[in-house]
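As stored in coords-v6.cif (mmCIF, C-alpha atoms and all ligand atoms):
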data_structure
#
loop_
_atom_site.label_atom_id
_atom_site.label_comp_id
_atom_site.auth_asym_id
_atom_site.auth_seq_id
_atom_site.Cartn_x
_atom_site.Cartn_y
_atom_site.Cartn_z
CA MET T 1 0.00 0.00 0.00
CA ILE T 2 1.24 3.45 -0.88
CA ILE T 3 0.26 6.30 1.41
CA TYR T 4 -0.28 9.49 -0.56
CA ILE T 5 0.21 12.89 1.01
CA ASP T 6 -3.50 13.75 1.04
CA LYS T 7 -3.94 10.98 3.65
CA ALA T 8 -0.62 11.31 5.48
CA HIS T 9 -0.88 14.39 7.75
CA ILE T 10 2.64 15.65 7.02
CA LYS T 11 2.94 18.87 9.01
CA HIS T 12 5.86 21.02 10.22
CA LYS T 13 8.35 18.62 8.66
CA LYS T 14 11.42 18.89 6.48
CA VAL T 15 10.29 17.17 3.28
CA LEU T 16 12.62 15.87 0.59
CA LEU T 17 10.40 16.07 -2.48
CA ARG T 18 11.55 14.24 -5.62
CA VAL T 19 9.94 15.73 -8.70
CA ASP T 20 10.45 15.22 -12.42
CA PHE T 21 11.26 18.66 -13.78
CA ASN T 22 13.06 17.13 -16.75
CA VAL T 23 11.18 19.49 -19.10
CA SER T 24 11.81 20.10 -22.81
CA MET T 25 14.32 22.93 -23.28
CA LYS T 26 15.86 24.81 -26.18
CA GLY T 27 19.15 26.16 -24.81
CA SER T 28 18.22 27.68 -21.47
CA LYS T 29 14.59 28.31 -22.54
CA ILE T 30 11.79 26.03 -21.38
CA THR T 31 9.63 24.97 -24.32
CA ASP T 32 6.98 23.12 -22.31
CA ASP T 33 6.54 23.36 -18.54
CA ALA T 34 3.66 20.88 -18.17
CA ARG T 35 5.74 18.77 -15.79
CA ILE T 36 6.26 21.77 -13.49
CA ARG T 37 2.57 22.69 -13.50
CA ALA T 38 1.57 19.09 -12.84
CA THR T 39 3.52 19.08 -9.57
CA LEU T 40 2.12 22.35 -8.20
CA PRO T 41 -0.77 20.71 -6.26
CA THR T 42 1.74 18.61 -4.29
CA ILE T 43 4.02 21.57 -3.58
CA GLN T 44 1.11 23.79 -2.57
CA LYS T 45 -0.37 21.15 -0.28
CA LEU T 46 2.95 20.56 1.49
CA LEU T 47 3.56 24.31 1.87
CA LYS T 48 0.06 24.89 3.19
CA ASP T 49 0.76 22.34 5.91
CA ASN T 50 3.78 24.36 7.09
CA ASN T 51 6.45 22.04 5.78
CA ARG T 52 9.92 23.06 4.67
CA LEU T 53 10.51 21.67 1.18
CA ILE T 54 13.77 20.50 -0.32
CA ILE T 55 13.09 19.85 -3.99
CA VAL T 56 15.19 17.32 -5.92
CA SER T 57 15.09 16.87 -9.69
CA HIS T 58 17.32 16.00 -12.62
CA LEU T 59 17.55 17.48 -16.08
CA GLY T 60 18.88 15.66 -19.13
CA ARG T 61 21.89 13.39 -19.05
CA PRO T 62 24.85 15.44 -17.81
CA ASP T 63 28.22 13.82 -17.15
CA GLY T 64 29.23 15.68 -13.98
CA TRP T 65 28.68 19.42 -13.42
CA ASP T 66 27.61 21.02 -16.70
CA GLU T 67 26.31 24.58 -17.23
CA LYS T 68 24.09 23.30 -20.03
CA PHE T 69 22.03 21.26 -17.58
CA LEU T 70 21.48 23.76 -14.78
CA LEU T 71 18.08 23.61 -13.10
CA ARG T 72 18.14 27.38 -12.42
CA PRO T 73 15.79 28.34 -15.29
CA ILE T 74 13.37 25.74 -13.98
CA ALA T 75 13.59 27.08 -10.43
CA LEU T 76 12.81 30.53 -11.85
CA ARG T 77 9.75 29.17 -13.63
CA LEU T 78 8.58 27.49 -10.43
CA HIS T 79 9.02 30.82 -8.67
CA LYS T 80 6.68 32.41 -11.23
CA TYR T 81 3.96 30.00 -10.14
CA LEU T 82 4.76 30.54 -6.43
CA PRO T 83 5.58 34.26 -6.33
CA ASN T 84 5.26 34.58 -2.54
CA ILE T 85 7.64 31.76 -1.74
CA LYS T 86 11.36 32.34 -1.21
CA LEU T 87 13.31 29.89 -3.32
CA ILE T 88 16.97 29.14 -2.65
CA VAL T 89 19.05 27.12 -5.11
CA VAL T 90 21.81 25.00 -3.55
CA ASP T 91 24.57 23.90 -5.93
CA ASP T 92 26.14 21.21 -3.76
CA PHE T 93 24.17 19.99 -0.78
CA THR T 94 27.18 18.13 0.66
CA THR T 95 29.22 21.26 1.52
CA GLU T 96 29.40 23.00 4.91
CA GLY T 97 28.06 26.20 3.39
CA ALA T 98 24.98 24.30 2.33
CA ALA T 99 24.55 22.79 5.82
CA LYS T 100 24.03 26.29 7.17
CA ILE T 101 21.37 27.04 4.54
CA PHE T 102 19.47 23.88 5.47
CA GLU T 103 19.68 24.77 9.17
CA GLU T 104 18.33 28.23 8.61
CA GLN T 105 15.49 27.25 6.26
CA LYS T 106 12.20 28.77 7.42
CA VAL T 107 8.68 27.44 7.02
CA GLY T 108 7.39 28.50 3.62
CA GLU T 109 10.85 28.59 2.01
CA ILE T 110 11.85 26.13 -0.66
CA ILE T 111 15.38 24.86 -1.11
CA PHE T 112 15.96 23.65 -4.65
CA LEU T 113 18.92 21.32 -5.16
CA GLU T 114 20.84 21.72 -8.43
CA ASN T 115 20.57 18.90 -10.98
CA ILE T 116 20.91 15.72 -8.94
CA ARG T 117 22.51 13.96 -11.92
CA PHE T 118 25.56 16.23 -11.53
CA PHE T 119 26.46 13.60 -8.92
CA LYS T 120 27.38 10.32 -10.58
CA GLU T 121 26.14 8.47 -7.48
CA GLU T 122 22.53 9.36 -8.36
CA GLU T 123 22.52 6.79 -11.14
CA ASP T 124 24.92 4.40 -9.44
CA PRO T 125 23.71 4.16 -5.85
CA SER T 126 24.92 0.62 -5.12
CA THR T 127 28.64 1.51 -4.75
CA SER T 128 29.94 2.52 -1.31
CA SER T 129 30.18 6.18 -2.33
CA GLY T 130 26.65 5.78 -3.71
CA GLN T 131 25.37 4.57 -0.36
CA GLU T 132 27.12 7.48 1.36
CA PHE T 133 25.39 9.82 -1.08
CA VAL T 134 21.99 8.26 -0.35
CA LYS T 135 22.47 8.68 3.40
CA ASN T 136 23.59 12.29 2.95
CA LEU T 137 20.53 13.06 0.90
CA ALA T 138 18.20 11.35 3.36
CA SER T 139 19.80 13.18 6.31
CA LEU T 140 18.54 16.51 4.93
CA ALA T 141 14.91 15.72 5.75
CA ASP T 142 12.38 14.08 8.07
CA VAL T 143 10.20 12.57 5.33
CA TYR T 144 10.48 11.68 1.66
CA VAL T 145 7.80 12.32 -0.96
CA ASN T 146 8.00 10.98 -4.52
CA ASP T 147 5.99 12.92 -7.09
CA ALA T 148 8.31 11.97 -9.97
CA PHE T 149 6.28 9.34 -11.84
CA GLY T 150 8.20 10.12 -15.05
CA VAL T 151 11.48 8.80 -13.62
CA SER T 152 10.15 6.12 -11.30
CA HIS T 153 11.18 3.40 -13.78
CA ARG T 154 14.81 4.19 -12.88
CA ASP T 155 16.77 2.67 -10.03
CA CYS T 156 18.24 5.98 -8.90
CA ALA T 157 19.43 7.09 -5.47
CA SER T 158 16.68 9.68 -5.13
CA ILE T 159 13.97 7.29 -6.38
CA THR T 160 14.54 3.84 -4.91
CA GLU T 161 17.24 4.31 -2.23
CA VAL T 162 16.40 7.41 -0.19
CA PRO T 163 12.93 6.04 0.75
CA LYS T 164 14.72 3.17 2.56
CA PHE T 165 15.94 5.70 5.13
CA LEU T 166 12.92 7.95 5.63
CA PRO T 167 9.16 7.65 6.13
CA HIS T 168 7.99 7.76 2.51
CA TYR T 169 4.86 8.91 0.70
CA GLY T 170 3.52 9.38 -2.79
CA GLY T 171 2.70 12.86 -4.10
CA LEU T 172 -0.58 13.92 -5.67
CA LEU T 173 0.72 13.66 -9.25
CA MET T 174 2.08 10.20 -8.51
CA GLU T 175 -1.34 9.28 -7.14
CA ARG T 176 -3.13 10.52 -10.26
CA GLU T 177 -0.75 8.69 -12.62
CA VAL T 178 -0.86 5.42 -10.70
CA GLU T 179 -4.61 5.49 -10.14
CA THR T 180 -5.67 6.46 -13.68
CA ILE T 181 -3.27 4.30 -15.67
CA GLY T 182 -3.51 1.44 -13.16
CA HIS T 183 -7.29 1.49 -13.21
CA ALA T 184 -7.44 1.60 -17.02
CA MET T 185 -5.19 -1.45 -17.23
CA ARG T 186 -6.81 -3.47 -14.44
CA HIS T 187 -10.50 -2.59 -14.77
CA PRO T 188 -11.04 -0.88 -18.13
CA THR T 189 -14.57 -0.09 -19.19
CA HIS T 190 -14.89 -1.96 -22.49
CA PRO T 191 -14.49 -1.57 -25.39
CA PHE T 192 -10.87 -0.74 -24.61
CA ALA T 193 -8.72 0.62 -27.45
CA ALA T 194 -4.96 1.19 -27.52
CA ILE T 195 -3.36 3.31 -30.22
CA ILE T 196 0.33 2.55 -30.55
CA GLY T 197 2.46 4.38 -33.08
CA GLY T 198 5.99 5.71 -33.20
CA ALA T 199 9.06 4.76 -35.13
CA LYS T 200 10.28 1.40 -33.94
CA VAL T 201 8.40 -1.75 -33.04
CA SER T 202 11.49 -3.19 -31.32
CA THR T 203 11.12 -0.84 -28.33
CA LYS T 204 7.42 -1.59 -27.93
CA LEU T 205 7.20 -5.39 -28.35
CA LYS T 206 6.54 -6.06 -24.67
CA LEU T 207 3.97 -3.27 -24.57
CA LEU T 208 2.14 -4.72 -27.57
CA PHE T 209 2.13 -8.19 -25.98
CA LYS T 210 0.61 -6.80 -22.81
CA LEU T 211 -2.00 -4.79 -24.67
CA THR T 212 -3.11 -7.73 -26.81
CA GLU T 213 -4.12 -9.37 -23.54
CA LYS T 214 -6.11 -6.37 -22.35
CA ALA T 215 -7.45 -4.34 -25.24
CA ASP T 216 -10.36 -4.98 -27.61
CA TYR T 217 -8.78 -2.88 -30.36
CA LEU T 218 -5.06 -2.53 -30.96
CA ILE T 219 -4.80 0.37 -33.39
CA LEU T 220 -1.37 0.55 -35.01
CA GLY T 221 0.34 3.18 -37.12
CA GLY T 222 3.68 4.85 -37.71
CA GLY T 223 6.92 3.11 -38.57
CA LEU T 224 5.93 0.43 -36.09
CA ALA T 225 2.98 -0.66 -38.27
CA ASN T 226 5.26 -1.03 -41.31
CA THR T 227 6.99 -3.98 -39.67
CA LEU T 228 3.63 -5.66 -39.11
CA LEU T 229 2.57 -5.02 -42.71
CA TYR T 230 5.87 -6.48 -43.87
CA ALA T 231 5.45 -9.53 -41.63
CA LEU T 232 2.00 -10.09 -43.14
CA GLY T 233 3.50 -10.12 -46.64
CA TYR T 234 2.90 -6.56 -47.85
CA PRO T 235 5.63 -4.66 -49.65
CA VAL T 236 6.91 -1.64 -47.69
CA GLY T 237 9.49 -0.26 -50.15
CA LYS T 238 12.13 1.79 -48.40
CA SER T 239 9.92 2.63 -45.40
CA LEU T 240 11.17 2.30 -41.86
CA CYS T 241 10.86 -1.42 -41.12
CA GLU T 242 12.63 -3.72 -38.66
CA LYS T 243 12.93 -6.96 -40.52
CA ASP T 244 14.67 -8.70 -37.62
CA CYS T 245 11.47 -8.29 -35.56
CA VAL T 246 9.27 -10.25 -37.96
CA ASP T 247 9.13 -13.39 -35.77
CA GLU T 248 8.22 -11.41 -32.64
CA VAL T 249 5.63 -9.43 -34.55
CA LYS T 250 4.01 -12.61 -35.87
CA LYS T 251 3.80 -13.85 -32.27
CA ILE T 252 1.94 -10.67 -31.36
CA VAL T 253 -0.52 -11.25 -34.20
CA ARG T 254 -1.14 -14.83 -32.99
CA HIS T 255 -1.40 -13.67 -29.38
CA ALA T 256 -4.00 -11.10 -30.40
CA LYS T 257 -6.08 -13.79 -32.13
CA GLU T 258 -5.99 -15.98 -29.02
CA HIS T 259 -7.17 -13.08 -26.89
CA LYS T 260 -9.77 -11.96 -29.45
CA THR T 261 -8.10 -8.58 -29.74
CA LYS T 262 -8.65 -6.94 -33.10
CA ILE T 263 -5.47 -5.49 -34.57
CA LEU T 264 -6.16 -2.53 -36.84
CA LEU T 265 -3.48 -1.89 -39.43
CA PRO T 266 -3.49 0.75 -42.16
CA ARG T 267 -5.33 -0.23 -45.36
CA ASP T 268 -3.98 2.83 -47.10
CA VAL T 269 -1.01 5.06 -46.38
CA VAL T 270 0.62 8.30 -47.47
CA VAL T 271 4.01 7.94 -49.14
CA GLY T 272 6.47 10.71 -49.98
CA ASP T 273 9.70 12.44 -49.07
CA LYS T 274 9.88 13.09 -45.34
CA ASN T 275 12.24 16.06 -45.75
CA ASP T 276 10.08 17.87 -48.31
CA THR T 277 7.75 20.17 -46.38
CA GLY T 278 6.24 21.85 -49.44
CA LYS T 279 4.87 18.85 -51.27
CA ALA T 280 1.93 16.67 -50.25
CA GLY T 281 2.43 12.92 -50.16
CA VAL T 282 0.54 10.41 -52.31
CA VAL T 283 -2.16 8.10 -50.94
CA LYS T 284 -1.68 4.45 -51.82
CA LYS T 285 -3.32 1.16 -50.90
CA ILE T 286 -0.94 -0.99 -48.89
CA SER T 287 -0.85 -3.61 -51.66
CA ASP T 288 0.43 -0.99 -54.15
CA ILE T 289 3.63 0.13 -52.43
CA ASP T 290 6.62 0.42 -54.79
CA HIS T 291 10.21 -0.42 -53.95
CA ASN T 292 11.16 3.28 -53.59
CA ASP T 293 8.10 4.39 -51.58
CA ASP T 294 8.52 5.68 -48.01
CA ILE T 295 5.37 5.21 -45.88
CA LEU T 296 5.01 8.31 -43.71
CA ASP T 297 1.38 8.45 -42.54
CA ILE T 298 -1.90 6.56 -42.47
CA GLY T 299 -4.32 7.24 -45.34
CA PRO T 300 -7.96 8.46 -45.32
CA GLU T 301 -9.54 5.01 -45.38
CA SER T 302 -7.42 3.98 -42.40
CA GLN T 303 -8.43 7.20 -40.63
CA ALA T 304 -12.09 6.30 -41.07
CA ASP T 305 -11.43 2.75 -39.88
CA TYR T 306 -9.58 3.91 -36.79
CA ALA T 307 -12.18 6.59 -36.04
CA LYS T 308 -14.93 3.95 -35.97
CA ALA T 309 -13.03 1.98 -33.32
CA ILE T 310 -12.20 5.12 -31.30
CA LEU T 311 -15.78 6.37 -31.33
CA SER T 312 -17.15 3.01 -30.19
CA SER T 313 -14.63 2.71 -27.31
CA LYS T 314 -15.04 3.61 -23.65
CA THR T 315 -11.39 3.48 -22.60
CA LEU T 316 -8.35 4.42 -24.67
CA ILE T 317 -4.59 4.54 -24.20
CA TRP T 318 -2.46 6.32 -26.77
CA ASN T 319 1.31 6.36 -27.22
CA GLY T 320 3.16 7.23 -30.41
CA PRO T 321 2.20 9.39 -33.42
CA VAL T 322 0.91 7.43 -36.42
CA GLY T 323 3.01 9.37 -38.91
CA TYR T 324 6.23 11.30 -39.41
CA MET T 325 4.68 14.26 -37.58
CA GLU T 326 7.84 16.42 -37.63
CA ASN T 327 6.79 17.22 -41.22
CA PRO T 328 3.27 18.77 -41.11
CA GLU T 329 2.41 16.98 -44.38
CA TYR T 330 2.57 13.70 -42.47
CA ALA T 331 1.00 14.87 -39.20
CA ARG T 332 -2.56 14.66 -40.57
CA GLY T 333 -3.30 11.10 -39.46
CA THR T 334 -2.12 11.91 -35.93
CA ASP T 335 -4.18 15.14 -35.90
CA PHE T 336 -7.22 13.26 -37.16
CA LEU T 337 -6.98 10.66 -34.39
CA TYR T 338 -6.54 13.40 -31.79
CA TYR T 339 -9.70 15.23 -32.90
CA THR T 340 -11.61 11.94 -33.02
CA ILE T 341 -10.60 11.20 -29.43
CA ALA T 342 -11.68 14.74 -28.44
CA GLN T 343 -15.10 14.12 -30.07
CA ASN T 344 -15.84 11.03 -28.02
CA LYS T 345 -17.14 12.68 -24.88
CA SER T 346 -17.74 9.45 -22.95
CA LEU T 347 -14.20 8.16 -23.54
CA ILE T 348 -11.71 7.71 -20.70
CA SER T 349 -8.53 8.68 -22.55
CA ILE T 350 -4.92 8.42 -21.40
CA VAL T 351 -2.17 9.89 -23.56
CA GLY T 352 1.58 9.75 -22.97
CA GLY T 353 4.97 9.89 -24.67
CA GLY T 354 7.29 12.80 -25.46
CA ASP T 355 6.57 12.96 -29.19
CA THR T 356 2.87 12.20 -28.79
CA LEU T 357 2.48 15.09 -26.37
CA ALA T 358 4.54 17.36 -28.65
CA ALA T 359 2.07 16.50 -31.44
CA ILE T 360 -1.01 17.48 -29.42
CA SER T 361 0.07 19.85 -26.64
CA LYS T 362 -0.62 23.08 -28.54
CA LYS T 363 -4.06 21.98 -29.77
CA GLU T 364 -7.50 23.00 -28.58
CA TYR T 365 -9.83 20.67 -26.60
CA LEU T 366 -6.93 19.32 -24.50
CA SER T 367 -9.24 19.30 -21.49
CA THR T 368 -11.25 16.51 -23.16
CA ILE T 369 -8.32 14.15 -22.53
CA THR T 370 -8.91 12.42 -19.21
CA HIS T 371 -5.26 12.07 -18.32
CA ILE T 372 -2.10 13.38 -19.97
CA SER T 373 0.71 11.37 -18.45
CA THR T 374 3.94 13.11 -17.47
CA GLY T 375 5.78 9.86 -18.05
CA GLY T 376 6.88 8.61 -21.46
CA GLY T 377 9.10 5.60 -20.80
CA ALA T 378 7.69 5.34 -17.28
CA MET T 379 4.12 5.10 -18.56
CA LEU T 380 5.05 2.36 -21.01
CA GLU T 381 6.90 0.36 -18.35
CA TYR T 382 4.06 0.84 -15.92
CA ILE T 383 1.63 -0.57 -18.50
CA GLU T 384 3.98 -3.47 -19.27
CA ASN T 385 4.74 -4.47 -15.68
CA GLY T 386 1.86 -3.08 -13.63
CA THR T 387 4.37 -1.33 -11.36
CA LEU T 388 7.69 0.55 -11.34
CA PRO T 389 10.77 0.36 -9.07
CA GLY T 390 9.99 3.81 -7.64
CA ILE T 391 6.41 2.76 -6.87
CA GLU T 392 7.58 -0.44 -5.17
CA ALA T 393 9.99 1.62 -3.05
CA LEU T 394 7.03 3.57 -1.69
CA LYS T 395 5.26 0.38 -0.63
CA LYS T 396 7.98 -1.08 1.59
P1 LIG B 1 6.66 8.88 -28.05
O1 LIG B 1 7.84 9.82 -27.85
O2 LIG B 1 5.36 9.61 -27.98
O3 LIG B 1 6.73 7.66 -27.17
P2 LIG B 1 7.96 7.57 -30.24
O4 LIG B 1 9.26 8.20 -29.83
O5 LIG B 1 7.80 6.13 -30.03
O6 LIG B 1 6.73 8.35 -29.56
O7 LIG B 1 7.71 7.84 -31.79
C1 LIG B 1 7.79 9.11 -32.36
C2 LIG B 1 8.57 9.11 -33.63
O8 LIG B 1 8.04 8.18 -34.56
C3 LIG B 1 8.53 10.46 -34.31
O9 LIG B 1 9.85 10.97 -34.40
C4 LIG B 1 7.95 10.16 -35.68
O10 LIG B 1 8.54 10.89 -36.74
C5 LIG B 1 8.27 8.70 -35.84
N1 LIG B 1 7.41 8.09 -36.87
C6 LIG B 1 6.09 7.90 -36.83
N2 LIG B 1 5.65 7.35 -37.98
C7 LIG B 1 6.73 7.20 -38.77
C8 LIG B 1 6.93 6.69 -40.10
N3 LIG B 1 5.91 6.22 -40.82
N4 LIG B 1 8.18 6.68 -40.58
C9 LIG B 1 9.21 7.14 -39.84
N5 LIG B 1 9.10 7.64 -38.60
C10 LIG B 1 7.87 7.67 -38.07
MG MG B 2 9.86 9.65 -28.46
#
Let me see whether you can do it: turn the structure in this file into structure tokens.
Amino acid sequence: MIIYIDKAHIKHKKVLLRVDFNVSMKGSKITDDARIRATLPTIQKLLKDNNRLIIVSHLGRPDGWDEKFLLRPIALRLHKYLPNIKLIVVDDFTTEGAAKIFEEQKVGEIIFLENIRFFKEEEDPSTSSGQEFVKNLASLADVYVNDAFGVSHRDCASITEVPKFLPHYGGLLMEREVETIGHAMRHPTHPFAAIIGGAKVSTKLKLLFKLTEKADYLILGGGLANTLLYALGYPVGKSLCEKDCVDEVKKIVRHAKEHKTKILLPRDVVVGDKNDTGKAGVVKKISDIDHNDDILDIGPESQADYAKAILSSKTLIWNGPVGYMENPEYARGTDFLYYTIAQNKSLISIVGGGDTLAAISKKEYLSTITHISTGGGAMLEYIENGTLPGIEALKK
């Protein structure tokens, strides 16, 4: 059982709060701060209860201290949302200078630790210096709260180790992620549809296996669908296709039959040049693909097919665009599916994945989506395994 902070009565404590502020950035500019906004309810609740917060996050994949991966711009953005809160950034929490700052922290002030991945021990906590690091981190606080669903698939010091040394709780975002995705997977209201797209099937084989056991419709698109088309004997020309996955993919098709899950594959596609943004692609039936065709999107007949399944469903999970959406010419299938999902007012919809969110995050009707997950890889692993290392660490 995980205890979440809304049931935990954490008051007047020093709280080490792990968040996932690994937001998309261009240089030092934040391009999307959804992950920061999603954590605000947890931060506000803990502040309201007179706790002193020490916030821990990572950003990117730095190798030691690196100006390019400073969390400062993110701390500034957080300050914009909490203008009345004093926010102090601490570069290295292990120094004596820092010890004084922790001692003098007042109720209502937030201490923000610089990128926790500047310390190599964060990702390698099992060594003796790693264990030292974990104890140091834990010694800063009275309790530990994990609101970082998006990194809870990682065995990191601040995710799976620190909770061994402190009373530990889940944050409100963690609660929403675990409850909504968990409920959809365990007790979906049927019909249950999963749309899986993206480039490679190889990274999503386990996910597809799991979903064939659960879903009524497995709606496939993107480069991933090309490999299935190829395995079923259709020509795919020079499209993205992982021929070494054919055996696995055939197993998925058989598995789906056994579980009476209907796999929907494109019947028509759009082919063209993915780097040419000025020229529309050509619609072709999947039996008519030439050796030099590159499949870049689903076609209109497939759109209609997929829409029928989406509109008749009650629960839906979506990860992966169904076309090469970086080129707007090939984003139409993905757009079409998004608007179809938005039209189905009785649908419980869960959407996740970095590129999938990039494809929809600036669109209207976003509030019609039941749950936009802050986890890409974490969401997929949570669906595959029903839990994550960081979630297990909160149970013990
Ligand atoms: P997410 O980040 O949402 O989990 P993925 O990373 O799995 O999604 O997939 C997104 C990528 O898949 C995009 O870069 C997109 O261009 C690519 N993609 C989708 N369809 C195709 C296609 N037909 N050919 C090549 N790449 C594709
Ligand atoms: Mg991606």
Test item: residues no farther than 9 Å from ligand MG 2 (chain B), counting all atoms listed in the file, as number ranges by chain:
T: 198-199, 320, 353-356, 376-377
9 Å from ligand LIG 1 (chain B) is the threshold here; counting only C-alpha atoms and all ligand atoms, which polymer residues fall inside it? Answer as number ranges by chain.
T: 196-201, 203-204, 221-226, 239-241, 269-271, 274, 294-298, 318-327, 330-331, 351-359, 376-377, 380
Selection from above, C-alpha atoms, as a compact mmCIF listing (two decimals), keeping the file's coordinate frame, can you write it?
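Saved the output as again.txt:
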# COMPACT_ATOMS: atom_id res chain seq x y z
CA ILE T 196 0.33 2.55 -30.55
CA GLY T 197 2.46 4.38 -33.08
CA GLY T 198 5.99 5.71 -33.20
CA ALA T 199 9.06 4.76 -35.13
CA LYS T 200 10.28 1.40 -33.94
CA VAL T 201 8.40 -1.75 -33.04
CA THR T 203 11.12 -0.84 -28.33
CA LYS T 204 7.42 -1.59 -27.93
CA GLY T 221 0.34 3.18 -37.12
CA GLY T 222 3.68 4.85 -37.71
CA GLY T 223 6.92 3.11 -38.57
CA LEU T 224 5.93 0.43 -36.09
CA ALA T 225 2.98 -0.66 -38.27
CA ASN T 226 5.26 -1.03 -41.31
CA SER T 239 9.92 2.63 -45.40
CA LEU T 240 11.17 2.30 -41.86
CA CYS T 241 10.86 -1.42 -41.12
CA VAL T 269 -1.01 5.06 -46.38
CA VAL T 270 0.62 8.30 -47.47
CA VAL T 271 4.01 7.94 -49.14
CA LYS T 274 9.88 13.09 -45.34
CA ASP T 294 8.52 5.68 -48.01
CA ILE T 295 5.37 5.21 -45.88
CA LEU T 296 5.01 8.31 -43.71
CA ASP T 297 1.38 8.45 -42.54
CA ILE T 298 -1.90 6.56 -42.47
CA TRP T 318 -2.46 6.32 -26.77
CA ASN T 319 1.31 6.36 -27.22
CA GLY T 320 3.16 7.23 -30.41
CA PRO T 321 2.20 9.39 -33.42
CA VAL T 322 0.91 7.43 -36.42
CA GLY T 323 3.01 9.37 -38.91
CA TYR T 324 6.23 11.30 -39.41
CA MET T 325 4.68 14.26 -37.58
CA GLU T 326 7.84 16.42 -37.63
CA ASN T 327 6.79 17.22 -41.22
CA TYR T 330 2.57 13.70 -42.47
CA ALA T 331 1.00 14.87 -39.20
CA VAL T 351 -2.17 9.89 -23.56
CA GLY T 352 1.58 9.75 -22.97
CA GLY T 353 4.97 9.89 -24.67
CA GLY T 354 7.29 12.80 -25.46
CA ASP T 355 6.57 12.96 -29.19
CA THR T 356 2.87 12.20 -28.79
CA LEU T 357 2.48 15.09 -26.37
CA ALA T 358 4.54 17.36 -28.65
CA ALA T 359 2.07 16.50 -31.44
CA GLY T 376 6.88 8.61 -21.46
CA GLY T 377 9.10 5.60 -20.80
CA LEU T 380 5.05 2.36 -21.01
List the neighbours of Gly390 of chain T out to 8 Å using all atoms listed in the file; skip same-chain residues closer than 2 positions along the sequence, and give me the result as a list of chain:residue names.
T:Phe149, T:Val151, T:Ser152, T:His153, T:Arg154, T:Asp155, T:Ile159, T:Thr160, T:Leu388, T:Glu392, T:Ala393, T:Leu394
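Distance annotation: of T:Leu53, T:Tyr217, T:Ile369, T:Glu381, the residue with the minimal separation from Lys308 of chain T is T:Tyr217; atom set is all atoms listed in the file.
Using all atoms listed in the file, the nearest neighbour of Lys86 of chain T within the list T:Ile391, T:Leu47, T:Met1, T:Leu59 is T:Leu47.
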Shell around Gln303 of chain T at 12 Å using all atoms listed in the file, local window under 3 positions removed, as a ChimeraX atom specification
/T:219-221,264-270,297-300,306-311,322-323,332-340
Segment 182-184 of chain T surroundings by only C-alpha atoms, 8 Å radius, close-in-sequence under 5 positions cut, as number ranges by chain:
T: 177, 189, 315, 383, 386
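Each of T:Val19, T:Glu132, T:Ala8, T:Gly237 was compared to Leu40 of chain T using all atoms listed in the file, and T:Val19 turns out to be the nearest.
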Residue nearest Val178 of chain T among T:Asp6, T:Asp63, T:Asp147, T:Asp32 (counting only C-alpha atoms):
T:Asp147
May I have the protein, DNA and RNA residues with an atom at most 12 Å from (2.1, 21.5, 7.9), counting all atoms listed in the file in the file's coordinates, returned as a count of residues only?
23
Using only C-alpha atoms, which of T:Val162, T:Ala280, T:Leu17, T:Ile317 sits nearest Phe133 of chain T?
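Of the candidates, the smallest distance to Phe133 of chain T is held by T:Val162.
Near Lys314 of chain T, within 9 Å and counting all atoms listed in the file, sit Pro188, Thr189, His190, Pro191, Phe192, Ala193, Ile310, Leu311, Asn344, Ser346, Leu347, Ile348 and Ser349 of chain T; same-chain residues fewer than 3 positions away were not included.
With all atoms listed in the file as the atoms that count, the residue of T:Val89, T:Ala138, T:Ala157, T:Leu218 with the shortest distance to Lys120 of chain T is T:Ala157.
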To one decimal in Å, tell me the separation between atom CA of Lys279 of chain T and atom CA of Thr227 of chain T.
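Here the two named atoms are 25.7 Å from each other.
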Atom CA of Pro73 of chain T to atom CA of Gln105 of chain T: how many Å, to one decimal?
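Here the two named atoms are 21.6 Å from each other.
Pairwise distance (atom CA of Met174 of chain T, atom CA of Ala148 of chain T) equals 6.6 Å.
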Residues proximal to (11.9, 21.2, -15.6) were defined as those with any atom within 7 Å of that point in the file's coordinates, counting all atoms listed in the file. Which are they, as a list of chain:residue names?
T:Asp20, T:Phe21, T:Asn22, T:Val23, T:Asp33, T:Arg35, T:Ile36, T:Leu59, T:Ile74
